[in-house]
>>> print(open('final-v5.cif').read())   # mmCIF, C-alpha atoms
data_coords
loop_
_atom_site.label_atom_id
_atom_site.label_comp_id
_atom_site.auth_asym_id
_atom_site.auth_seq_id
_atom_site.Cartn_x
_atom_site.Cartn_y
_atom_site.Cartn_z
CA MET A 438 -114.27 26.64 27.65
CA LYS A 439 -113.50 27.33 23.99
CA ALA A 440 -116.17 26.54 21.45
CA THR A 441 -115.50 23.73 18.98
CA ILE A 442 -116.73 22.82 15.51
CA LYS A 443 -119.09 20.34 17.15
CA ASP A 444 -120.64 23.14 19.26
CA ILE A 445 -121.23 25.27 16.16
CA ALA A 446 -122.69 22.32 14.26
CA ARG A 447 -125.09 21.54 17.12
CA VAL A 448 -126.33 25.13 17.48
CA ALA A 449 -126.56 25.70 13.71
CA GLY A 450 -128.25 22.36 13.12
CA VAL A 451 -125.70 21.13 10.57
CA SER A 452 -122.97 18.51 10.37
CA ASP A 453 -119.39 18.98 11.51
CA THR A 454 -118.32 18.67 7.87
CA ALA A 455 -120.62 21.50 6.84
CA VAL A 456 -119.02 23.78 9.42
CA SER A 457 -115.52 22.97 8.17
CA LEU A 458 -116.55 23.56 4.56
CA ALA A 459 -118.23 26.86 5.47
CA PHE A 460 -114.99 28.26 6.88
CA LYS A 461 -113.18 27.22 3.71
CA GLY A 462 -115.77 28.91 1.50
CA ASN A 463 -116.56 25.61 -0.18
CA ALA A 464 -119.39 25.77 -2.73
CA ARG A 465 -120.90 22.55 -1.34
CA VAL A 466 -122.33 24.67 1.49
CA GLY A 467 -125.09 27.04 0.35
CA GLU A 468 -124.75 30.75 1.00
CA LYS A 469 -127.68 30.83 3.42
CA ALA A 470 -126.28 27.94 5.47
CA ARG A 471 -122.79 29.43 5.43
CA LYS A 472 -124.03 32.76 6.80
CA ARG A 473 -125.95 30.95 9.57
CA ILE A 474 -122.86 28.90 10.49
CA LEU A 475 -120.59 31.96 10.58
CA ALA A 476 -123.13 33.89 12.66
CA VAL A 477 -123.20 31.08 15.21
CA ALA A 478 -119.37 30.99 15.23
CA ARG A 479 -119.22 34.71 15.98
CA LYS A 480 -121.79 34.33 18.76
CA LEU A 481 -119.74 31.54 20.33
CA ASN A 482 -116.46 33.47 19.84
CA TYR A 483 -115.03 30.66 17.76
CA VAL A 484 -111.77 31.17 15.88
CA PRO A 485 -110.56 28.46 13.43
CA ASN A 486 -107.35 26.71 14.44
CA THR A 487 -105.33 27.57 11.37
CA ALA A 488 -102.17 26.10 12.86
CA ALA A 489 -103.81 22.71 13.09
CA GLN A 490 -105.22 23.09 9.59
CA ASN A 491 -101.76 23.91 8.29
CA LEU A 492 -100.34 20.78 9.86
CA ARG A 493 -103.07 18.68 8.24
CA ASN A 494 -102.69 20.33 4.85
CA GLY A 495 -98.90 20.39 4.97
CA LYS A 496 -98.63 24.06 3.96
CA THR A 497 -99.56 27.63 4.81
CA ASN A 498 -99.95 30.85 2.88
CA ALA A 499 -97.09 32.39 4.84
CA VAL A 500 -93.60 33.71 4.09
CA GLY A 501 -90.93 34.21 6.74
CA PHE A 502 -88.77 37.34 6.85
CA ILE A 503 -85.70 37.21 9.09
CA VAL A 504 -83.73 40.40 9.77
CA ASN A 505 -80.64 40.96 11.89
CA ASP A 506 -81.94 43.72 14.16
CA ILE A 507 -85.63 44.56 14.15
CA THR A 508 -84.97 47.80 16.06
CA ASN A 509 -82.92 49.24 13.19
CA PRO A 510 -85.15 51.64 11.23
CA PHE A 511 -84.09 50.50 7.75
CA TYR A 512 -85.14 46.92 8.52
CA SER A 513 -88.57 48.28 9.46
CA LEU A 514 -88.80 49.91 6.03
CA MET A 515 -87.98 46.61 4.35
CA LEU A 516 -90.47 44.66 6.45
CA LYS A 517 -93.28 47.09 5.70
CA GLU A 518 -92.63 47.06 1.95
CA ALA A 519 -92.36 43.27 1.77
CA GLU A 520 -95.51 42.72 3.82
CA GLN A 521 -97.55 45.03 1.59
CA LYS A 522 -96.36 43.19 -1.52
CA LEU A 523 -97.03 39.74 -0.07
CA ASN A 524 -100.46 40.71 1.29
CA SER A 525 -101.44 41.97 -2.17
CA VAL A 526 -101.20 38.41 -3.52
CA GLY A 527 -102.84 36.74 -0.51
CA LEU A 528 -99.71 35.80 1.44
CA GLU A 529 -99.03 36.51 5.11
CA MET A 530 -95.63 37.31 6.61
CA PHE A 531 -93.96 36.02 9.78
CA ILE A 532 -91.27 38.35 11.15
CA ALA A 533 -88.25 37.40 13.25
CA SER A 534 -84.90 38.91 14.28
CA SER A 535 -81.66 36.92 14.50
CA GLU A 536 -79.84 39.58 16.58
CA TRP A 537 -76.73 38.85 14.45
CA ASP A 538 -76.52 35.38 16.05
CA ILE A 539 -76.02 32.35 13.79
CA ASP A 540 -77.45 29.89 16.34
CA ARG A 541 -80.58 31.99 16.68
CA GLU A 542 -80.80 32.36 12.90
CA VAL A 543 -80.72 28.59 12.42
CA LYS A 544 -83.35 28.05 15.13
CA LEU A 545 -85.63 30.64 13.52
CA ILE A 546 -85.39 28.89 10.18
CA GLU A 547 -86.12 25.53 11.81
CA LYS A 548 -89.16 27.03 13.53
CA MET A 549 -90.44 28.55 10.29
CA ILE A 550 -90.03 25.22 8.51
CA GLN A 551 -92.07 23.60 11.29
CA MET A 552 -94.71 26.28 10.77
CA ARG A 553 -94.85 25.23 7.09
CA VAL A 554 -93.88 28.59 5.61
CA GLN A 555 -93.72 28.46 1.83
CA GLY A 556 -90.70 30.72 1.43
CA ILE A 557 -88.15 32.78 3.38
CA ILE A 558 -86.67 36.22 2.83
CA ILE A 559 -83.54 36.62 4.91
CA CYS A 560 -80.92 39.16 5.91
CA LEU A 561 -78.11 36.71 6.60
CA CYS A 562 -75.92 37.35 9.64
CA GLU A 563 -73.10 35.78 7.58
CA LYS A 564 -71.53 33.91 10.49
CA GLY A 565 -71.58 30.45 8.95
CA LYS A 566 -73.16 28.29 6.26
CA ARG A 567 -75.61 26.36 8.45
CA SER A 568 -78.63 28.54 7.64
CA ILE A 569 -78.12 28.23 3.90
CA GLU A 570 -77.51 24.49 4.13
CA LEU A 571 -80.73 24.10 6.13
CA LEU A 572 -82.79 26.05 3.60
CA ASN A 573 -81.33 24.07 0.73
CA SER A 574 -81.86 20.71 2.42
CA PHE A 575 -85.58 21.40 2.85
CA LEU A 576 -85.89 22.91 -0.65
CA ILE A 577 -87.44 26.08 0.81
CA PRO A 578 -87.61 28.92 -1.75
CA HIS A 579 -85.51 31.70 -0.30
CA ILE A 580 -83.73 34.91 -1.17
CA ALA A 581 -81.03 36.91 0.62
CA VAL A 582 -81.61 40.65 0.86
CA ASP A 583 -79.41 43.68 1.55
CA SER A 584 -76.14 41.71 1.52
CA TYR A 585 -74.75 38.22 0.96
CA PRO A 586 -71.45 36.51 1.89
CA GLU A 587 -68.87 35.32 -0.64
CA PHE A 588 -69.79 31.67 -0.08
CA TYR A 589 -73.48 32.24 -0.87
CA ARG A 590 -74.63 30.92 -4.26
CA GLY A 591 -78.39 31.44 -4.00
CA ASN A 592 -80.82 34.15 -5.06
CA PHE A 593 -80.29 37.69 -3.78
CA MET A 594 -81.56 41.26 -4.01
CA ALA A 595 -78.76 43.38 -2.60
CA ASN A 596 -77.18 46.78 -2.35
CA ASN A 597 -74.16 47.56 -4.51
CA PHE A 598 -71.75 48.28 -1.68
CA GLU A 599 -68.73 48.91 -3.91
CA VAL A 600 -70.60 51.83 -5.49
CA CYS A 601 -71.52 53.04 -2.00
CA GLY A 602 -67.88 53.29 -0.95
CA ARG A 603 -66.79 54.94 -4.18
CA ILE A 604 -69.44 57.65 -4.33
CA VAL A 605 -68.60 58.73 -0.78
CA ALA A 606 -64.88 58.85 -1.57
CA GLU A 607 -65.48 60.83 -4.75
CA HIS A 608 -67.68 63.34 -2.93
CA LEU A 609 -65.23 63.87 -0.08
CA TYR A 610 -62.36 64.33 -2.51
CA GLU A 611 -64.36 66.81 -4.58
CA ILE A 612 -65.06 69.03 -1.54
CA GLY A 613 -61.38 69.09 -0.63
CA CYS A 614 -60.93 66.30 1.95
CA ARG A 615 -57.43 64.80 1.71
CA ASN A 616 -57.12 63.06 5.06
CA PRO A 617 -60.22 60.85 5.50
CA GLY A 618 -61.04 58.49 8.34
CA ILE A 619 -63.36 55.53 8.91
CA VAL A 620 -65.71 54.68 11.78
CA ASN A 621 -66.46 51.01 11.15
CA ALA A 622 -68.72 48.45 12.85
CA ASP A 623 -67.38 46.70 15.94
CA LYS A 624 -64.81 43.88 15.83
CA SER A 625 -67.48 41.17 15.71
CA MET A 626 -68.97 42.64 12.52
CA VAL A 627 -66.15 44.12 10.46
CA GLU A 628 -66.00 40.93 8.36
CA PHE A 629 -69.66 41.37 7.37
CA SER A 630 -69.67 41.54 3.56
CA ALA A 631 -71.37 44.96 3.41
CA PHE A 632 -68.74 46.70 5.53
CA LYS A 633 -65.85 44.87 3.84
CA LYS A 634 -67.04 45.93 0.38
CA ILE A 635 -67.92 49.51 1.34
CA PHE A 636 -64.67 50.38 3.06
CA ALA A 637 -62.48 48.43 0.64
CA ALA A 638 -63.96 50.48 -2.23
CA PHE A 639 -63.62 53.67 -0.16
CA ARG A 640 -59.93 53.00 0.50
CA GLN A 641 -59.28 51.97 -3.09
CA SER A 642 -60.87 55.11 -4.48
CA PHE A 643 -58.63 57.33 -2.35
CA SER A 644 -55.62 55.13 -3.12
CA GLU A 645 -56.15 55.77 -6.82
CA LYS A 646 -55.78 59.47 -6.00
CA GLY A 647 -52.53 58.88 -4.13
CA ILE A 648 -54.08 59.07 -0.65
CA THR A 649 -53.64 56.37 2.01
CA ILE A 650 -56.03 56.32 4.94
CA LYS A 651 -54.06 56.47 8.18
CA LYS A 652 -54.52 53.83 10.87
CA LYS A 653 -54.90 56.52 13.52
CA ASN A 654 -57.94 57.84 11.64
CA THR A 655 -59.78 54.52 11.61
CA VAL A 656 -61.65 52.85 14.42
CA GLU A 657 -63.94 49.85 14.98
CA ALA A 658 -66.83 51.07 17.11
CA GLY A 659 -70.37 49.89 16.30
CA LEU A 660 -73.70 50.83 14.82
CA THR A 661 -75.49 52.74 17.57
CA ILE A 662 -75.49 56.39 18.63
CA ASP A 663 -73.66 55.55 21.86
CA GLU A 664 -71.03 53.58 19.94
CA GLY A 665 -70.58 56.56 17.64
CA LYS A 666 -69.82 58.72 20.69
CA LYS A 667 -67.37 56.10 21.92
CA ALA A 668 -65.68 56.09 18.51
CA VAL A 669 -64.68 59.73 18.95
CA GLU A 670 -63.10 58.92 22.32
CA LEU A 671 -61.12 56.09 20.72
CA LEU A 672 -60.01 58.33 17.86
CA ARG A 673 -58.88 61.05 20.27
CA GLU A 674 -56.78 58.47 22.13
CA LYS A 675 -55.06 57.76 18.80
CA SER A 676 -54.55 61.52 18.18
CA PHE A 677 -56.56 61.42 14.99
CA ASP A 678 -56.29 64.30 12.53
CA ALA A 679 -58.89 63.35 9.91
CA ASP A 680 -60.66 66.06 7.96
CA ALA A 681 -63.55 63.68 7.15
CA LEU A 682 -65.15 60.62 8.79
CA PHE A 683 -67.16 57.98 6.93
CA CYS A 684 -69.39 56.04 9.36
CA ALA A 685 -70.85 52.54 8.99
CA ASN A 686 -74.41 53.86 9.39
CA ASP A 687 -76.41 56.98 10.23
CA LEU A 688 -76.99 56.15 13.89
CA CYS A 689 -73.26 55.84 14.48
CA ALA A 690 -72.71 59.09 12.54
CA VAL A 691 -75.18 60.96 14.77
CA GLY A 692 -73.23 59.82 17.82
CA VAL A 693 -69.98 60.93 16.19
CA MET A 694 -71.56 64.28 15.36
CA GLU A 695 -72.55 64.95 18.97
CA ALA A 696 -69.21 63.88 20.42
CA VAL A 697 -67.15 65.83 17.88
CA GLU A 698 -69.03 69.05 18.57
CA GLN A 699 -68.75 68.50 22.32
CA ASN A 700 -64.99 68.51 21.75
CA GLY A 701 -65.06 71.92 20.13
CA LEU A 702 -65.05 70.99 16.43
CA LYS A 703 -67.73 72.00 13.97
CA ILE A 704 -69.25 69.30 11.74
CA GLY A 705 -69.26 70.43 8.13
CA LYS A 706 -66.56 73.06 8.69
CA ASP A 707 -63.72 71.54 10.71
CA ILE A 708 -64.55 67.99 9.70
CA ALA A 709 -66.88 66.48 7.09
CA LEU A 710 -69.16 63.59 8.09
CA VAL A 711 -71.00 60.93 6.08
CA GLY A 712 -73.32 58.11 7.14
CA ILE A 713 -75.16 55.26 5.45
CA ASP A 714 -78.93 54.51 5.24
CA ASP A 715 -80.35 58.05 4.94
CA LEU A 716 -82.68 57.56 7.89
CA PRO A 717 -85.46 60.16 8.37
CA LEU A 718 -83.59 61.75 11.29
CA SER A 719 -80.66 62.50 8.98
CA SER A 720 -82.72 65.14 7.17
CA PHE A 721 -83.59 67.04 10.38
CA ALA A 722 -82.28 70.60 10.16
CA LYS A 723 -80.20 70.30 13.34
CA ILE A 724 -78.54 67.13 12.06
CA SER A 725 -78.44 67.60 8.25
CA LEU A 726 -76.27 64.53 7.70
CA THR A 727 -74.91 63.64 4.28
CA SER A 728 -75.81 59.99 3.83
CA VAL A 729 -75.89 57.15 1.33
CA LYS A 730 -79.50 56.32 0.47
CA GLN A 731 -79.69 52.58 -0.10
CA PRO A 732 -82.72 51.35 -2.14
CA TYR A 733 -84.09 49.21 0.69
CA THR A 734 -87.76 49.49 -0.27
CA ALA A 735 -87.06 48.48 -3.88
CA ILE A 736 -84.94 45.56 -2.66
CA ALA A 737 -87.67 44.36 -0.29
CA ARG A 738 -90.39 44.79 -2.92
CA GLU A 739 -88.54 42.84 -5.62
CA ALA A 740 -87.53 40.11 -3.16
CA ALA A 741 -91.14 39.72 -1.99
CA GLU A 742 -92.35 39.63 -5.58
CA PHE A 743 -89.78 36.93 -6.41
CA ILE A 744 -90.78 34.76 -3.45
CA SER A 745 -94.50 35.18 -4.15
CA GLU A 746 -93.98 34.06 -7.74
CA CYS A 747 -92.05 31.03 -6.51
CA ILE A 748 -95.00 30.12 -4.30
CA VAL A 749 -98.01 31.15 -6.36
CA LYS A 750 -96.71 30.51 -9.89
CA GLY A 751 -94.02 27.93 -9.24
CA ASN A 752 -91.34 30.26 -10.63
CA LYS A 753 -88.00 28.47 -11.06
CA LYS A 754 -86.04 31.45 -12.36
CA LYS A 755 -83.00 32.84 -10.59
CA LEU A 756 -82.69 36.38 -9.23
CA LYS A 757 -79.23 37.79 -8.56
CA LYS A 758 -79.36 41.55 -8.60
CA GLU A 759 -77.67 44.53 -6.98
CA LEU A 760 -79.14 48.03 -6.92
CA ASN A 761 -77.07 51.22 -6.86
CA PRO A 762 -77.32 53.72 -3.99
CA GLU A 763 -77.61 57.51 -4.10
CA LEU A 764 -75.61 60.04 -2.10
CA ILE A 765 -77.83 62.61 -0.39
CA LYS A 766 -75.69 65.69 0.28
CA ARG A 767 -76.43 67.86 3.31
CA ASN A 768 -74.68 70.34 5.59
CA SER A 769 -72.36 67.80 7.25
CA THR A 770 -70.27 67.91 4.04
CA TYR A 771 -71.72 70.77 2.02
CA SER A 772 -70.53 73.39 4.51
CA PHE A 773 -67.01 71.92 4.37
CA SER A 774 -66.78 72.70 0.66
CA LYS A 775 -67.72 76.34 1.36
CA LYS A 776 -65.19 77.05 4.07
#
>>> encode(input="final-v5.cif", output="structure tokens")
Amino acid sequence: MKATIKDIARVAGVSDTAVSLAFKGNARVGEKARKRILAVARKLNYVPNTAAQNLRNGKTNAVGFIVNDITNPFYSLMLKEAEQKLNSVGLEMFIASSEWDIDREVKLIEKMIQMRVQGIIICLCEKGKRSIELLNSFLIPHIAVDSYPEFYRGNFMANNFEVCGRIVAEHLYEIGCRNPGIVNADKSMVEFSAFKKIFAAFRQSFSEKGITIKKKNTVEAGLTIDEGKKAVELLREKSFDADALFCANDLCAVGVMEAVEQNGLKIGKDIALVGIDDLPLSSFAKISLTSVKQPYTAIAREAAEFISECIVKGNKKKLKKELNPELIKRNSTYSFSKK
């Protein structure tokens, strides 16, 4: 049977109220009595029911962070950075993953509201307005990170995806690519604002140079290594002749890299390849993938700082900011320029 406050009070020889105040660090309980109460609690393996306390007090010291896919490495970077920032000001963080599902996203927000979180950082799946409407109706301080849909009017800390598309196009053109291709996300995600902005800017940049990207050199595949491999099969079925492929993320690009080389072409010589996210694996010598480094840690840090100020200081200011990416050039394109 679990120990209760009454058990601790009886053993310590104090009132139930004194036990409660001791756990709260209240000055009404002397230091000597507090140490005795806490010692008894440890002996009885007692842990305060903070959930019940939160319900009574109507609030917590917690912030929710909802991502789309917790297995994706760049989300892990964001979560770690945000948690460190929140912990530094005495706030805890609850983590959840929507799996790109709007129904799940709404349910997660509802659950966090029930848990009395004081703010929410969210990577929106962008498949409807219900999540935003829910946050607004409960007046929960929140901020969108990484991306945001056109209909969103709230606070955000995001990547500048137009710049992302343009710097890749400029680099590929500079190294001599004149027949580029695109490996996009799958059909269920191509309308996601990040991919729309990136590839629209990529196409526009080449269009300004008099180059139109051929349909046979574009494919909707996905964001995993296996889907990258599948993308090459789909491109081969369309008789693609691209001299460069721009992939929706690094994982997809790694799959493309393996499949292309299995088909007798050399990445960086026969065809240039670029990914997005600059994951640690992209710098491995055997991979050496040119990739767009998005400022995810800075985005997470500033978003966490904004939410903490909303909670701790009652900040009412708005934050609507996009950060520029950086292109990290490696052998998957560098070798192409030397051929």
>>> atom_distance(input="final-v5.cif", atom1="CA of Glu759 (chain A)", atom2="CA of Met594 (chain A)")
5.9 Å
>>> atom_distance(input="final-v5.cif", atom1="CA of Ala455 (chain A)", atom2="CA of Ala470 (chain A)")
8.7 Å
>>> residues_around(input="final-v5.cif", residues="Leu718 (chain A)", least_positions_apart="2", cutoff="12 Å", atoms="all atoms listed in the file", output="list in words")
Pro510, Phe511, Asp687, Leu688, Ala690, Val691, Gly712, Asp714, Asp715, Leu716, Ser720, Phe721, Ala722, Lys723, Ile724, Ser725, Leu726, Thr727 and Ser728 of chain A
>>> atom_distance(input="final-v5.cif", atom1="CA of Arg473 (chain A)", atom2="CA of Ala449 (chain A)")
6.7 Å
>>> residues_near_point(input="final-v5.cif", point="(-63.0, 60.2, -4.6)", cutoff="10 Å", atoms="all atoms listed in the file", output="number ranges by chain")
A: 602-615, 639-646, 648
>>> residues_around(input="final-v5.cif", residues="region 440-443 of chain A", least_positions_apart="3", cutoff="12 Å", atoms="all atoms listed in the file", output="ChimeraX atom specification")
/A:446-460,474-475,477-486
>>> residues_around(input="final-v5.cif", residues="Lys667 (chain A)", least_positions_apart="5", cutoff="9 Å", atoms="all atoms listed in the file", output="VMD selection string")
chain A and resid 658 to 659 662 672 692 to 693 696
>>> resolve_selection(input="final-v5.cif", expression="the PyMOL selection byres ((chain A and resi 583) around 9)", output="VMD selection string")
chain A and resid 559 to 561 581 to 582 584 to 585 593 to 597 631 733 736 to 737 759
>>> residues_around(input="final-v5.cif", residues="region 523-528 of chain A", least_positions_apart="4", cutoff="9 Å", atoms="only C-alpha atoms", output="ChimeraX atom specification")
/A:497-500,518-519,738,741-742,744-745,749
>>> write_last_selection(input="final-v5.cif", atoms="C-alpha atoms", output="compact mmCIF listing (two decimals), keeping the file's coordinate frame")
# COMPACT_ATOMS: atom_id res chain seq x y z
CA THR A 497 -99.56 27.63 4.81
CA ASN A 498 -99.95 30.85 2.88
CA ALA A 499 -97.09 32.39 4.84
CA VAL A 500 -93.60 33.71 4.09
CA GLU A 518 -92.63 47.06 1.95
CA ALA A 519 -92.36 43.27 1.77
CA ARG A 738 -90.39 44.79 -2.92
CA ALA A 741 -91.14 39.72 -1.99
CA GLU A 742 -92.35 39.63 -5.58
CA ILE A 744 -90.78 34.76 -3.45
CA SER A 745 -94.50 35.18 -4.15
CA VAL A 749 -98.01 31.15 -6.36
>>> closest_residue(input="final-v5.cif", among="A:Lys544, A:Lys653, A:Arg767, A:Arg553", to="Ala679 (chain A)", atoms="all atoms listed in the file")
A:Lys653
>>> resolve_selection(input="final-v5.cif", expression="the PyMOL selection byres ((chain A and resi 624) around 10)", output="VMD selection string")
chain A and resid 621 to 623 625 to 628 656 to 659
>>> write_last_selection(input="final-v5.cif", atoms="C-alpha atoms", output="PDB file, keeping the file's coordinate frame")
ATOM      1  CA  ASN A 621     -66.460  51.010  11.150  1.00  0.00           C
ATOM      2  CA  ALA A 622     -68.720  48.450  12.850  1.00  0.00           C
ATOM      3  CA  ASP A 623     -67.380  46.700  15.940  1.00  0.00           C
ATOM      4  CA  SER A 625     -67.480  41.170  15.710  1.00  0.00           C
ATOM      5  CA  MET A 626     -68.970  42.640  12.520  1.00  0.00           C
ATOM      6  CA  VAL A 627     -66.150  44.120  10.460  1.00  0.00           C
ATOM      7  CA  GLU A 628     -66.000  40.930   8.360  1.00  0.00           C
ATOM      8  CA  VAL A 656     -61.650  52.850  14.420  1.00  0.00           C
ATOM      9  CA  GLU A 657     -63.940  49.850  14.980  1.00  0.00           C
ATOM     10  CA  ALA A 658     -66.830  51.070  17.110  1.00  0.00           C
ATOM     11  CA  GLY A 659     -70.370  49.890  16.300  1.00  0.00           C
TER      12      GLY A 659
END
>>> residues_around(input="final-v5.cif", residues="Glu763 (chain A)", least_positions_apart="4", cutoff="7 Å", atoms="all atoms listed in the file", output="list in words")
Val729, Lys730 and Gln731 of chain A
>>> write_last_selection(input="final-v5.cif", atoms="C-alpha atoms", output="PDB file, in the coordinates of the input")
ATOM      1  CA  VAL A 729     -75.890  57.150   1.330  1.00  0.00           C
ATOM      2  CA  LYS A 730     -79.500  56.320   0.470  1.00  0.00           C
ATOM      3  CA  GLN A 731     -79.690  52.580  -0.100  1.00  0.00           C
TER       4      GLN A 731
END
>>> closest_residue(input="final-v5.cif", among="A:Lys633, A:Lys703, A:Ile765, A:Phe743", to="Ser719 (chain A)", atoms="all atoms listed in the file")
A:Ile765
>>> closest_residue(input="final-v5.cif", among="A:Ala533, A:Ile580, A:Val504, A:Met515", to="Gly556 (chain A)", atoms="only C-alpha atoms")
A:Ile580
>>> resolve_selection(input="final-v5.cif", expression="the PyMOL selection byres ((chain A and resi 573) around 12)", output="CSV table (one decimal) with C-alpha atoms, in the coordinates of the input")
chain,number,residue,atom,x,y,z
A,546,ILE,CA,-85.4,28.9,10.2
A,550,ILE,CA,-90.0,25.2,8.5
A,556,GLY,CA,-90.7,30.7,1.4
A,557,ILE,CA,-88.2,32.8,3.4
A,566,LYS,CA,-73.2,28.3,6.3
A,567,ARG,CA,-75.6,26.4,8.4
A,568,SER,CA,-78.6,28.5,7.6
A,569,ILE,CA,-78.1,28.2,3.9
A,570,GLU,CA,-77.5,24.5,4.1
A,571,LEU,CA,-80.7,24.1,6.1
A,572,LEU,CA,-82.8,26.0,3.6
A,574,SER,CA,-81.9,20.7,2.4
A,575,PHE,CA,-85.6,21.4,2.8
A,576,LEU,CA,-85.9,22.9,-0.6
A,577,ILE,CA,-87.4,26.1,0.8
A,578,PRO,CA,-87.6,28.9,-1.8
A,579,HIS,CA,-85.5,31.7,-0.3
A,580,ILE,CA,-83.7,34.9,-1.2
A,589,TYR,CA,-73.5,32.2,-0.9
A,590,ARG,CA,-74.6,30.9,-4.3
A,591,GLY,CA,-78.4,31.4,-4.0
A,592,ASN,CA,-80.8,34.2,-5.1
>>> build_atoms(input="final-v5.cif", residues="region 667-686 of chain A", atoms="N, CA and C atoms", output="tab-separated table (two decimals), keeping the file's coordinate frame")
chain	number	residue	atom	x	y	z
A	667	LYS	N	-68.57	56.79	21.43
A	667	LYS	CA	-67.37	56.10	21.92
A	667	LYS	C	-66.27	56.13	20.87
A	668	ALA	N	-66.66	56.08	19.60
A	668	ALA	CA	-65.68	56.09	18.51
A	668	ALA	C	-64.81	57.34	18.56
A	669	VAL	N	-65.43	58.47	18.88
A	669	VAL	CA	-64.68	59.73	18.95
A	669	VAL	C	-63.66	59.68	20.09
A	670	GLU	N	-64.04	59.08	21.20
A	670	GLU	CA	-63.10	58.92	22.32
A	670	GLU	C	-61.91	58.08	21.89
A	671	LEU	N	-62.20	56.97	21.18
A	671	LEU	CA	-61.12	56.09	20.72
A	671	LEU	C	-60.22	56.79	19.71
A	672	LEU	N	-60.80	57.60	18.84
A	672	LEU	CA	-60.01	58.33	17.86
A	672	LEU	C	-59.12	59.38	18.53
A	673	ARG	N	-59.65	60.04	19.55
A	673	ARG	CA	-58.88	61.05	20.27
A	673	ARG	C	-57.68	60.41	20.97
A	674	GLU	N	-57.88	59.19	21.48
A	674	GLU	CA	-56.78	58.47	22.13
A	674	GLU	C	-55.67	58.16	21.14
A	675	LYS	N	-56.03	58.04	19.86
A	675	LYS	CA	-55.06	57.76	18.80
A	675	LYS	C	-54.54	59.04	18.16
A	676	SER	N	-54.96	60.20	18.71
A	676	SER	CA	-54.55	61.52	18.18
A	676	SER	C	-54.90	61.66	16.70
A	677	PHE	N	-56.13	61.35	16.39
A	677	PHE	CA	-56.56	61.42	14.99
A	677	PHE	C	-56.52	62.85	14.47
A	678	ASP	N	-56.31	62.97	13.15
A	678	ASP	CA	-56.29	64.30	12.53
A	678	ASP	C	-57.09	64.31	11.23
A	679	ALA	N	-58.09	63.46	11.13
A	679	ALA	CA	-58.89	63.35	9.91
A	679	ALA	C	-59.67	64.62	9.63
A	680	ASP	N	-59.81	64.92	8.34
A	680	ASP	CA	-60.66	66.06	7.96
A	680	ASP	C	-62.03	65.59	7.47
A	681	ALA	N	-62.25	64.26	7.52
A	681	ALA	CA	-63.55	63.68	7.15
A	681	ALA	C	-63.68	62.31	7.81
A	682	LEU	N	-64.90	61.94	8.22
A	682	LEU	CA	-65.15	60.62	8.79
A	682	LEU	C	-66.33	59.98	8.05
A	683	PHE	N	-66.12	58.76	7.61
A	683	PHE	CA	-67.16	57.98	6.93
A	683	PHE	C	-67.59	56.89	7.91
A	684	CYS	N	-68.87	56.95	8.32
A	684	CYS	CA	-69.39	56.04	9.36
A	684	CYS	C	-70.18	54.88	8.76
A	685	ALA	N	-70.20	53.76	9.47
A	685	ALA	CA	-70.85	52.54	8.99
A	685	ALA	C	-72.36	52.65	8.86
A	686	ASN	N	-72.97	53.58	9.59
A	686	ASN	CA	-74.41	53.86	9.39
A	686	ASN	C	-74.75	55.23	9.97
